[in-house]
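So this one's work21.txt, compact mmCIF, C-alpha atoms and all ligand atoms:
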```
# COMPACT_ATOMS: atom_id res chain seq x y z
CA MET A 1 107.56 27.77 148.60
CA THR A 2 105.54 29.57 151.25
CA ILE A 3 107.27 32.54 152.72
CA MET A 4 106.56 33.02 156.39
CA GLU A 5 106.70 36.42 158.01
CA THR A 6 109.69 35.18 160.01
CA ASP A 7 111.50 34.24 156.77
CA ILE A 8 111.66 37.84 155.63
CA PRO A 9 115.27 38.84 156.03
CA GLU A 10 116.37 42.07 157.60
CA VAL A 11 117.63 43.93 154.55
CA SER A 12 120.19 46.20 156.05
CA GLU A 13 122.78 46.52 153.33
CA PRO A 14 123.24 49.99 151.89
CA ASN A 15 121.49 49.06 148.67
CA SER A 16 118.21 48.71 150.55
CA PHE A 17 117.54 52.44 150.88
CA GLY A 18 113.89 53.10 151.37
CA LEU A 19 113.21 49.55 152.49
CA GLN A 20 112.35 48.30 155.91
CA ASN A 21 112.41 44.54 156.28
CA GLY A 22 112.25 44.22 152.52
CA ARG A 23 109.26 46.53 152.11
CA PRO A 24 109.05 50.31 151.57
CA ALA A 25 109.38 52.29 154.75
CA PRO A 26 106.22 54.23 155.63
CA VAL A 27 106.28 57.82 154.44
CA ARG A 28 104.82 60.71 156.36
CA SER A 29 101.75 62.49 155.07
CA ARG A 30 102.35 64.79 152.14
CA ARG A 31 98.76 65.67 151.57
CA MET A 32 99.39 69.42 151.65
CA LEU A 33 102.65 69.35 149.72
CA GLU A 34 102.95 70.13 146.03
CA PRO A 35 104.98 67.54 144.16
CA CYS A 36 108.47 68.56 143.10
CA TRP A 37 108.73 70.49 139.82
CA ALA A 38 105.05 71.53 140.06
CA GLU A 39 105.96 75.19 139.62
CA SER A 40 109.28 75.14 137.85
CA ASP A 41 111.27 72.96 135.43
CA VAL A 42 114.34 73.16 137.63
CA MET A 43 114.55 72.55 141.38
CA ASP A 44 117.30 72.53 143.95
CA LEU A 45 117.36 69.26 145.87
CA VAL A 46 119.44 68.22 148.82
CA CYS A 47 121.57 65.10 148.72
CA SER A 48 120.42 63.13 151.77
CA GLN A 49 122.46 59.96 151.39
CA VAL A 50 125.43 58.63 149.47
CA LEU A 51 125.65 54.85 149.33
CA ALA A 52 128.60 52.85 148.06
CA VAL A 53 126.97 50.07 146.04
CA THR A 54 129.98 48.39 144.41
CA HIS A 55 133.68 49.26 144.14
CA ASP A 56 132.91 51.85 141.43
CA VAL A 57 129.21 52.57 141.77
CA LYS A 58 127.48 54.93 144.19
CA THR A 59 123.87 55.80 144.76
CA PHE A 60 122.98 59.41 145.51
CA VAL A 61 119.65 59.92 147.24
CA PHE A 62 117.89 63.29 147.05
CA THR A 63 115.04 64.83 149.00
CA THR A 64 113.55 68.25 149.61
CA PRO A 65 113.71 69.69 153.14
CA GLU A 66 109.89 69.60 153.33
CA ARG A 67 109.87 66.03 151.97
CA ARG A 68 107.81 67.01 148.95
CA PRO A 69 106.87 63.98 146.86
CA PHE A 70 108.66 63.21 143.60
CA ASP A 71 106.34 62.63 140.69
CA PHE A 72 107.87 60.45 137.97
CA GLU A 73 107.46 57.13 136.21
CA ALA A 74 109.67 54.09 136.63
CA GLY A 75 112.27 54.17 133.85
CA GLN A 76 112.47 57.96 133.48
CA PHE A 77 115.61 60.04 133.88
CA ILE A 78 116.50 63.36 135.42
CA THR A 79 119.00 65.95 134.27
CA ILE A 80 121.36 67.39 136.82
CA ARG A 81 123.29 70.66 136.63
CA VAL A 82 126.62 71.08 138.32
CA GLU A 83 129.32 73.66 138.11
CA ILE A 84 132.75 72.12 137.61
CA ASP A 85 135.81 74.38 137.37
CA GLY A 86 133.56 77.35 136.66
CA GLU A 87 131.70 75.61 133.85
CA LEU A 88 128.02 74.73 134.13
CA MET A 89 127.55 71.13 133.03
CA THR A 90 124.41 69.06 132.60
CA ARG A 91 124.00 65.29 132.47
CA CYS A 92 121.09 62.86 132.36
CA TYR A 93 120.87 59.93 134.77
CA THR A 94 118.09 57.38 134.92
CA ILE A 95 116.29 57.23 138.24
CA ALA A 96 117.00 54.04 140.16
CA SER A 97 114.44 54.49 142.92
CA PRO A 98 110.81 53.61 142.27
CA PRO A 99 107.95 56.13 142.17
CA THR A 100 106.23 53.98 144.79
CA ARG A 101 108.71 55.45 147.32
CA PRO A 102 108.05 59.07 146.35
CA ASP A 103 109.77 60.90 149.19
CA ARG A 104 113.21 60.12 147.76
CA LEU A 105 114.77 60.16 144.36
CA ALA A 106 117.94 58.17 143.76
CA ILE A 107 120.40 57.98 140.93
CA THR A 108 123.02 55.23 140.72
CA VAL A 109 126.20 56.36 139.05
CA LYS A 110 129.23 54.41 137.88
CA ARG A 111 132.64 56.01 137.92
CA VAL A 112 133.92 55.96 134.35
CA PRO A 113 137.19 57.07 132.77
CA ASP A 114 136.69 60.57 131.34
CA GLY A 115 133.25 60.78 132.95
CA VAL A 116 133.61 64.38 134.05
CA VAL A 117 130.28 64.71 135.85
CA SER A 118 130.07 61.10 137.07
CA ASN A 119 133.52 61.30 138.59
CA TRP A 120 132.80 64.72 140.07
CA LEU A 121 129.70 63.28 141.77
CA HIS A 122 131.73 60.37 143.15
CA ASP A 123 134.46 62.64 144.47
CA ASN A 124 132.48 65.62 145.69
CA LEU A 125 128.80 65.10 146.35
CA GLU A 126 128.08 64.54 150.03
CA PRO A 127 124.98 64.46 152.20
CA GLY A 128 123.85 68.03 152.81
CA ASN A 129 125.01 69.33 149.42
CA TRP A 130 122.47 70.94 147.10
CA ILE A 131 122.14 70.19 143.43
CA SER A 132 119.92 71.54 140.63
CA MET A 133 117.77 69.08 138.74
CA HIS A 134 115.46 69.33 135.79
CA ALA A 135 112.12 67.56 135.98
CA PRO A 136 112.05 63.82 135.19
CA ALA A 137 111.55 62.99 131.53
CA GLY A 138 111.65 60.09 129.13
CA ALA A 139 109.27 57.64 127.49
CA PHE A 140 111.04 54.43 128.51
CA VAL A 141 108.38 53.57 131.08
CA LEU A 142 106.21 50.68 132.17
CA PRO A 143 102.95 50.30 130.28
CA GLU A 144 99.91 51.88 131.92
CA GLU A 145 98.28 48.46 132.26
CA ASP A 146 100.53 45.87 133.86
CA ALA A 147 101.76 43.45 131.17
CA PRO A 148 101.25 39.74 131.92
CA LYS A 149 104.95 39.02 131.43
CA TYR A 150 108.10 41.11 131.34
CA LEU A 151 111.66 40.53 130.22
CA PHE A 152 114.13 43.05 131.64
CA LEU A 153 117.54 42.90 129.99
CA SER A 154 120.35 45.08 131.26
CA ALA A 155 124.11 45.30 131.44
CA GLY A 156 126.40 47.31 133.71
CA SER A 157 124.87 50.49 135.08
CA GLY A 158 122.13 50.18 132.44
CA ILE A 159 120.41 48.30 135.24
CA THR A 160 119.02 51.50 136.79
CA PRO A 161 115.79 52.04 134.83
CA VAL A 162 114.80 48.36 134.89
CA LEU A 163 115.68 48.24 138.58
CA SER A 164 113.27 51.13 139.18
CA MET A 165 110.63 49.22 137.20
CA THR A 166 111.23 46.00 139.15
CA ARG A 167 111.14 47.81 142.49
CA THR A 168 107.87 49.42 141.40
CA LEU A 169 106.28 46.10 140.40
CA TYR A 170 107.53 44.59 143.64
CA ASP A 171 106.06 47.41 145.76
CA LEU A 172 102.75 47.20 143.93
CA GLY A 173 102.55 43.45 144.41
CA SER A 174 102.36 42.93 140.64
CA GLU A 175 101.37 39.43 139.61
CA ALA A 176 103.19 39.73 136.29
CA ASP A 177 105.76 37.09 135.45
CA ILE A 178 109.04 39.02 135.57
CA LEU A 179 112.30 37.71 134.16
CA PHE A 180 115.22 39.98 135.08
CA VAL A 181 118.43 39.13 133.23
CA HIS A 182 121.43 41.26 134.10
CA SER A 183 124.93 41.02 132.63
CA ALA A 184 128.05 42.16 134.45
CA ARG A 185 131.77 41.73 134.09
CA THR A 186 132.24 39.95 137.41
CA PRO A 187 130.08 39.18 140.47
CA ALA A 188 131.67 42.19 142.18
CA ASP A 189 130.20 44.40 139.45
CA ILE A 190 126.59 43.29 139.89
CA ILE A 191 124.77 46.40 141.03
CA TYR A 192 122.19 45.81 143.79
CA ARG A 193 122.80 42.08 143.72
CA GLY A 194 121.69 41.56 147.33
CA GLU A 195 118.47 43.50 146.90
CA LEU A 196 117.59 41.81 143.61
CA GLU A 197 118.12 38.38 145.10
CA ALA A 198 116.13 39.34 148.22
CA MET A 199 113.23 40.61 146.08
CA ALA A 200 113.29 37.37 144.06
CA ARG A 201 113.09 35.36 147.30
CA LEU A 202 110.07 37.36 148.42
CA MET A 203 108.29 37.57 145.06
CA PRO A 204 107.70 34.13 143.53
CA ASN A 205 106.83 35.65 140.14
CA LEU A 206 110.21 37.42 139.88
CA ARG A 207 113.16 35.46 138.46
CA VAL A 208 116.57 37.12 138.61
CA VAL A 209 119.32 35.73 136.41
CA GLU A 210 122.80 37.20 136.56
CA ILE A 211 125.38 36.52 133.86
CA CYS A 212 129.05 37.31 134.47
CA GLU A 213 131.95 37.31 132.06
CA GLY A 214 134.33 36.02 134.73
CA ASP A 215 135.26 35.73 138.38
CA ALA A 216 135.83 38.59 140.78
CA PRO A 217 139.18 38.74 142.61
CA THR A 218 137.45 37.53 145.76
CA GLU A 219 134.64 35.40 144.34
CA ARG A 220 134.48 32.54 141.91
CA TRP A 221 131.37 32.98 139.77
CA MET A 222 129.17 29.89 139.93
CA GLY A 223 126.27 31.23 137.85
CA LEU A 224 125.81 31.68 134.12
CA GLN A 225 129.08 32.65 132.51
CA GLY A 226 129.75 34.59 129.32
CA ARG A 227 127.38 36.92 127.57
CA ILE A 228 123.72 36.92 126.72
CA SER A 229 123.22 34.57 123.78
CA LYS A 230 120.52 32.95 121.71
CA PRO A 231 120.65 29.57 123.54
CA VAL A 232 120.55 31.37 126.92
CA LEU A 233 117.51 33.41 125.89
CA GLU A 234 115.80 30.33 124.47
CA ILE A 235 116.28 28.43 127.73
CA LEU A 236 115.38 31.31 130.03
CA ALA A 237 112.40 32.56 128.05
CA PRO A 238 110.79 29.86 125.88
CA ASP A 239 107.72 32.12 126.06
CA LEU A 240 109.69 35.10 124.75
CA ASN A 241 106.94 36.41 122.51
CA GLU A 242 104.54 36.70 125.43
CA ARG A 243 106.89 39.13 127.19
CA GLU A 244 107.12 42.91 127.05
CA THR A 245 110.88 43.54 126.78
CA PHE A 246 112.75 46.50 128.29
CA ILE A 247 116.45 46.76 127.61
CA CYS A 248 119.17 49.13 128.74
CA GLY A 249 122.94 48.91 128.61
CA PRO A 250 125.99 49.99 126.66
CA ALA A 251 125.49 50.44 122.91
CA GLY A 252 127.27 47.17 121.96
CA TYR A 253 125.20 45.16 124.42
CA MET A 254 121.93 46.69 123.23
CA ALA A 255 122.76 46.10 119.56
CA SER A 256 123.61 42.44 120.13
CA ALA A 257 120.62 41.79 122.41
CA LYS A 258 118.32 43.42 119.89
CA SER A 259 119.65 41.31 117.02
CA LEU A 260 119.27 38.17 119.18
CA LEU A 261 115.62 39.03 119.71
CA GLU A 262 115.16 39.60 115.99
CA GLU A 263 116.80 36.25 115.23
CA LEU A 264 114.34 34.65 117.62
CA ASP A 265 111.43 36.24 115.68
CA TYR A 266 110.48 38.38 118.63
CA ASP A 267 107.54 40.73 118.11
CA MET A 268 109.43 44.05 118.11
CA ASP A 269 106.22 45.96 118.91
CA LYS A 270 106.86 44.81 122.48
CA TYR A 271 110.46 45.96 122.46
CA HIS A 272 111.48 49.07 124.43
CA GLU A 273 115.01 50.37 124.72
CA GLU A 274 116.72 53.19 126.55
CA SER A 275 119.87 54.77 125.27
CA PHE A 276 122.33 54.11 128.05
CA ASP A 277 124.79 56.58 126.71
CA PHE A 278 123.05 59.89 126.93
CA GLY A 279 125.11 60.96 129.91
CA ALA A 280 127.31 63.15 127.76
CA PRO A 281 125.89 65.75 125.39
CA GLN A 282 125.44 64.28 121.93
CA VAL A 283 126.63 67.28 120.00
CA PRO A 284 129.41 67.62 117.49
CA ALA A 285 132.66 69.33 118.24
CA PRO A 286 132.89 72.91 117.03
CA THR A 287 134.07 73.22 113.44
CA ALA A 288 135.34 76.31 111.72
CA ALA A 289 132.94 77.25 108.90
CA PRO A 290 134.48 78.78 105.77
CA PRO A 291 133.64 82.46 105.32
CA ILE A 292 130.69 83.11 103.01
CA GLU A 293 130.46 86.11 100.71
CA GLN A 294 127.49 88.35 101.36
CA GLY A 295 124.68 88.14 98.81
CA SER A 296 126.15 85.06 97.12
CA GLU A 297 124.21 81.92 96.20
CA GLU A 298 126.24 80.19 98.83
CA GLU A 299 124.76 82.51 101.41
CA ALA A 300 121.24 81.42 100.52
CA ALA A 301 122.25 77.76 100.74
CA ALA A 302 124.14 78.38 103.95
CA GLY A 303 120.99 78.45 106.04
CA PHE A 304 119.28 80.99 108.24
CA SER A 305 120.30 83.48 110.83
CA ILE A 306 119.67 82.97 114.51
CA GLU A 307 119.63 85.95 116.79
CA PHE A 308 120.13 85.37 120.51
CA ALA A 309 118.25 88.44 121.73
CA ARG A 310 119.60 88.63 125.27
CA SER A 311 123.24 88.10 124.50
CA GLY A 312 123.04 90.04 121.22
CA LYS A 313 124.81 87.20 119.38
CA MET A 314 123.93 86.46 115.77
CA ILE A 315 124.95 83.22 114.07
CA THR A 316 124.15 81.31 110.90
CA CYS A 317 122.56 77.87 111.04
CA GLY A 318 123.33 75.56 108.12
CA PRO A 319 120.47 73.75 106.36
CA ASP A 320 121.27 70.42 108.02
CA GLU A 321 122.20 71.77 111.42
CA THR A 322 120.16 71.97 114.57
CA ILE A 323 120.23 75.25 116.44
CA LEU A 324 122.36 73.63 119.14
CA GLU A 325 124.90 72.34 116.61
CA ALA A 326 125.13 75.77 114.99
CA ALA A 327 125.53 77.49 118.37
CA ILE A 328 128.32 75.12 119.42
CA ALA A 329 130.04 75.49 116.05
CA ALA A 330 129.95 79.25 116.66
CA GLY A 331 131.71 78.80 119.98
CA MET A 332 128.66 79.16 122.22
CA ARG A 333 127.86 76.77 125.09
CA PRO A 334 124.06 76.64 125.42
CA MET A 335 122.56 74.43 128.13
CA SER A 336 121.94 70.90 126.85
CA ALA A 337 122.14 67.36 128.14
CA CYS A 338 120.58 64.47 126.21
CA GLY A 339 120.89 66.08 122.76
CA GLN A 340 117.92 63.96 121.69
CA GLY A 341 114.88 66.08 122.48
CA MET A 342 114.08 64.11 125.62
CA CYS A 343 115.24 65.96 128.72
CA GLY A 344 114.04 69.52 128.14
CA THR A 345 117.32 71.06 129.30
CA CYS A 346 117.82 73.06 126.11
CA LYS A 347 114.33 74.58 126.11
CA VAL A 348 114.18 78.27 125.19
CA SER A 349 111.51 80.76 124.09
CA MET A 350 111.40 81.73 120.44
CA LEU A 351 110.56 85.39 119.87
CA SER A 352 110.06 85.15 116.12
CA GLY A 353 110.39 82.69 113.27
CA GLU A 354 109.58 79.04 112.75
CA VAL A 355 111.44 75.81 113.35
CA ASP A 356 111.11 72.16 112.42
CA MET A 357 111.29 70.43 115.83
CA LYS A 358 111.57 66.64 116.06
CA HIS A 359 111.55 65.98 119.79
CA ASN A 360 111.20 62.84 121.86
CA GLY A 361 108.87 64.06 124.56
CA GLY A 362 111.11 66.69 126.15
CA ILE A 363 108.57 69.46 125.69
CA ARG A 364 104.84 69.68 126.43
CA PRO A 365 102.24 70.65 123.78
CA LYS A 366 101.34 73.68 125.90
CA GLU A 367 104.95 74.85 125.78
CA VAL A 368 105.11 74.35 122.03
CA ALA A 369 101.96 76.47 121.75
CA ASN A 370 103.74 79.13 123.83
CA GLN A 371 106.63 79.31 121.34
CA LYS A 372 109.09 77.25 123.37
CA VAL A 373 111.56 75.14 121.41
CA LEU A 374 114.18 72.52 122.15
CA ILE A 375 117.25 73.73 120.33
CA CYS A 376 118.93 70.30 120.20
CA CYS A 377 116.30 68.91 117.84
CA SER A 378 115.09 72.03 116.01
CA LYS A 379 116.16 73.30 112.61
CA PRO A 380 115.17 76.83 111.60
CA LEU A 381 112.74 77.16 108.68
CA GLY A 382 113.75 80.82 108.23
CA ASP A 383 115.53 83.49 110.24
CA ILE A 384 114.67 83.18 113.92
CA GLN A 385 115.12 85.13 117.14
CA LEU A 386 115.50 83.36 120.49
CA ASP A 387 115.00 84.78 123.97
CA CYS A 388 118.37 83.81 125.37
S1 LIG A 401 119.32 68.60 125.35
FE1 LIG A 401 117.78 67.27 126.07
S2 LIG A 401 116.01 68.04 125.06
FE2 LIG A 401 117.61 69.17 124.22
```

As structure tokens, what does this structure read like?
Amino acid sequence: MTIMETDIPEVSEPNSFGLQNGRPAPVRSRRMLEPCWAESDVMDLVCSQVLAVTHDVKTFVFTTPERRPFDFEAGQFITIRVEIDGELMTRCYTIASPPTRPDRLAITVKRVPDGVVSNWLHDNLEPGNWISMHAPAGAFVLPEEDAPKYLFLSAGSGITPVLSMTRTLYDLGSEADILFVHSARTPADIIYRGELEAMARLMPNLRVVEICEGDAPTERWMGLQGRISKPVLEILAPDLNERETFICGPAGYMASAKSLLEELDYDMDKYHEESFDFGAPQVPAPTAAPPIEQGSEEEAAAGFSIEFARSGKMITCGPDETILEAAIAAGMRPMSACGQGMCGTCKVSMLSGEVDMKHNGGIRPKEVANQKVLICCSKPLGDIQLDC
């Protein structure tokens, strides 16, 4: 079907932020402006828009007053810091906006039971409010060279990173064959439904398939019903093995989609997944350690001492514990968010000692060379002293 200029719909719904007539709005020159986070890992950004996307999902758009550009890759996440009831809390959210619209950065957040930070954002964050954010991070990103074919699989608010990827490919006029399969409970829960369907109308190489478990109170679902399954994948993607697959959603969804792909003999080298559930710190609850006698064999097996130079605290880190786990077990509350060595929130300087650090990209080689460590994924190799 040929799309005439006059066929392009006015996309005016709130989910079209950054778009003008279905295309990115022009941005003013930023030639002289340093990108955000160029000088510091943490920046204060102003919330410029709050958009109600569905009955329980909002998008929060951030800018800087000087409209400095945001430098990130589609699929990455940011870590926000907020103070709630006097306690500083950090959470990671994937970025929903595309890097091709660099004057804004948007996160799309679902209200969830017990979601302390998510619910706080829904109830409190308004245009004009400031919020601290760590630099974007994460390796769940589009390949450097455009793949010939993509399969984006998502469920619920796990849509955000693959939405950023799709918006990016759309803005860049990618010629890749893109199959976007999103699962939701009901049609009323499909996040950015209007925009996805509008993009698919304008981009012949983008196919959007929505699967709902049931009807919404005000809409009977006429599309694919149920959950993602082997027959559905076989019909939608007979060329499955030619596609680079990106998947994000709740843990149960990801596990079943992954095993479906394995059953279909999918080449897992082309499989990329994002943990949807890193919004809450992945650290154990504090436990009371039994007292250890000084000089005993137990003491040697009990691990190494960690000195927090600034606070003057001294704790013991067990042989299988990360520094973060040991600190929490000792009643401390160090800054952390993803708990998986990805976001960089828990980065500190090490004054002495050595650690075994198994990170996932949350720290740069230069920082490692400068004795910085991520405490969520580091185990001491001896007694250590930290600058915090
Ligand atoms: S908490 Fe994210 S890197 Fe440590």

*Residues at most 9 Å from ligand LIG 401 (chain A), using all atoms listed in the file? Could they come as a list of chain:residue names?*
A:Thr79, A:Thr90, A:Cys92, A:Pro281, A:Gln282, A:Leu324, A:Met335, A:Ser336, A:Ala337, A:Cys338, A:Gly339, A:Gln340, A:Gly341, A:Met342, A:Cys343, A:Gly344, A:Thr345, A:Cys346, A:Lys347, A:His359, A:Asn360, A:Gly361, A:Gly362, A:Ile363, A:Val373, A:Leu374, A:Ile375, A:Cys376, A:Cys377

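Here atom CA of Gly138 of chain A and atom CA of Glu66 of chain A stand 26.1 Å from one another.
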
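Across A:Arg67, A:Lys379, A:Arg243, A:His182, the tightest approach to Glu325 of chain A is made by A:Lys379 when counting only C-alpha atoms.
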
*Quick one: distance from atom CA of Gly223 of chain A to atom CA of Asp56 of chain A in Å, one decimal?*
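Interatomic distance here is 22.0 Å.
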
*asked:* Just checking: using all atoms listed in the file, which residue out of A:Lys58, A:Arg167, A:Lys366, A:Arg101 ends up closest to Glu126 of chain A?
replied: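 Distance minimum relative to Glu126 of chain A lands on A:Lys58.
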
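Between Lys149 of chain A and the candidates A:Trp130, A:Phe180, A:Tyr253, A:Tyr266, the tightest atom-to-atom separation, counting all atoms listed in the file, involves A:Phe180.
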
*Rounded to one decimal in Å, what is the spacing between atom CA of Val82 of chain A and atom CA of Glu307 of chain A?*
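Distance reported for this atom pair: 27.1 Å.
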
_Contact residues around segment 227-242 of chain A with all atoms listed in the file at 9 Å, ignoring same-chain residues under 6 positions, as a VMD selection string_ = chain A and resid 148 to 151 179 181 to 184 209 211 to 213 253 256 to 257 260 to 261 263 to 267 270

_Pick from A:Asp189, A:Asp103, A:Asp269, A:Glu39 nearest to Thr54 of chain A, counting all atoms listed in the file_ =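 Looking at the shortest contact to Thr54 of chain A, the residue is A:Asp189.
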
*Can you list, as a ChimeraX atom specification, every protein, DNA or RNA residue that comes within 9 Å of Asn370 of chain A when you count all atoms listed in the file, leaving out same-chain residues fewer than 4 positions away?*
/A:349-350,365-366

Please enclose the listed atoms of segment 259-278 of chain A in an axis-aligned box, pad each side by 5 Å, and write out the centre and the three edge lengths in Å, rounded to one decimal, as AutoDock Vina command-line options.
```
--center_x 115.5 --center_y 47.3 --center_z 121.6 --size_x 28.6 --size_y 35.2 --size_z 22.8
```

*Of the candidates A:Leu172, A:Ile107, A:Cys317, A:Ala155, which shows the shortest atom-to-atom distance to Met203 of chain A, using all atoms listed in the file?*
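Closest residue, counting all atoms listed in the file: A:Leu172.
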
*Using all atoms listed in the file, find the one residue out of A:Glu354, A:Ser48, A:Met332, A:Leu142 that sits nearest to Leu125 of chain A.*
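Of all the options, A:Ser48 lies closest to Leu125 of chain A.
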
*Give as a list in words the set of residues within 7 Å of the point (112.1, 43.8, 125.1), where distances use the file's coordinates and all atoms listed in the file.*
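Nearby residues: Leu151, Phe152, Glu244, Thr245, Phe246, Ile247, Lys270, Tyr271 and His272 of chain A.
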
*asked:* Within 8 Å of (132.3, 58.5, 140.7) (file coordinates; all atoms listed in the file), which protein or nucleic acid residues are there? I'd like them as a ChimeraX atom specification.
replied: /A:56-58,109-112,118-123

Go ahead and write the selection's residues with C-alpha atoms as a compact mmCIF listing (two decimals), in the coordinates of the input.
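This went into part-v8.txt:
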```
# COMPACT_ATOMS: atom_id res chain seq x y z
CA ASP A 56 132.91 51.85 141.43
CA VAL A 57 129.21 52.57 141.77
CA LYS A 58 127.48 54.93 144.19
CA VAL A 109 126.20 56.36 139.05
CA LYS A 110 129.23 54.41 137.88
CA ARG A 111 132.64 56.01 137.92
CA VAL A 112 133.92 55.96 134.35
CA SER A 118 130.07 61.10 137.07
CA ASN A 119 133.52 61.30 138.59
CA TRP A 120 132.80 64.72 140.07
CA LEU A 121 129.70 63.28 141.77
CA HIS A 122 131.73 60.37 143.15
CA ASP A 123 134.46 62.64 144.47
```

_For segment 248-250 of chain A: contacts at 8 Å, only C-alpha atoms, fewer than 5 positions along chain excluded, given as number ranges by chain_ = A: 153-159, 161-162, 273-277
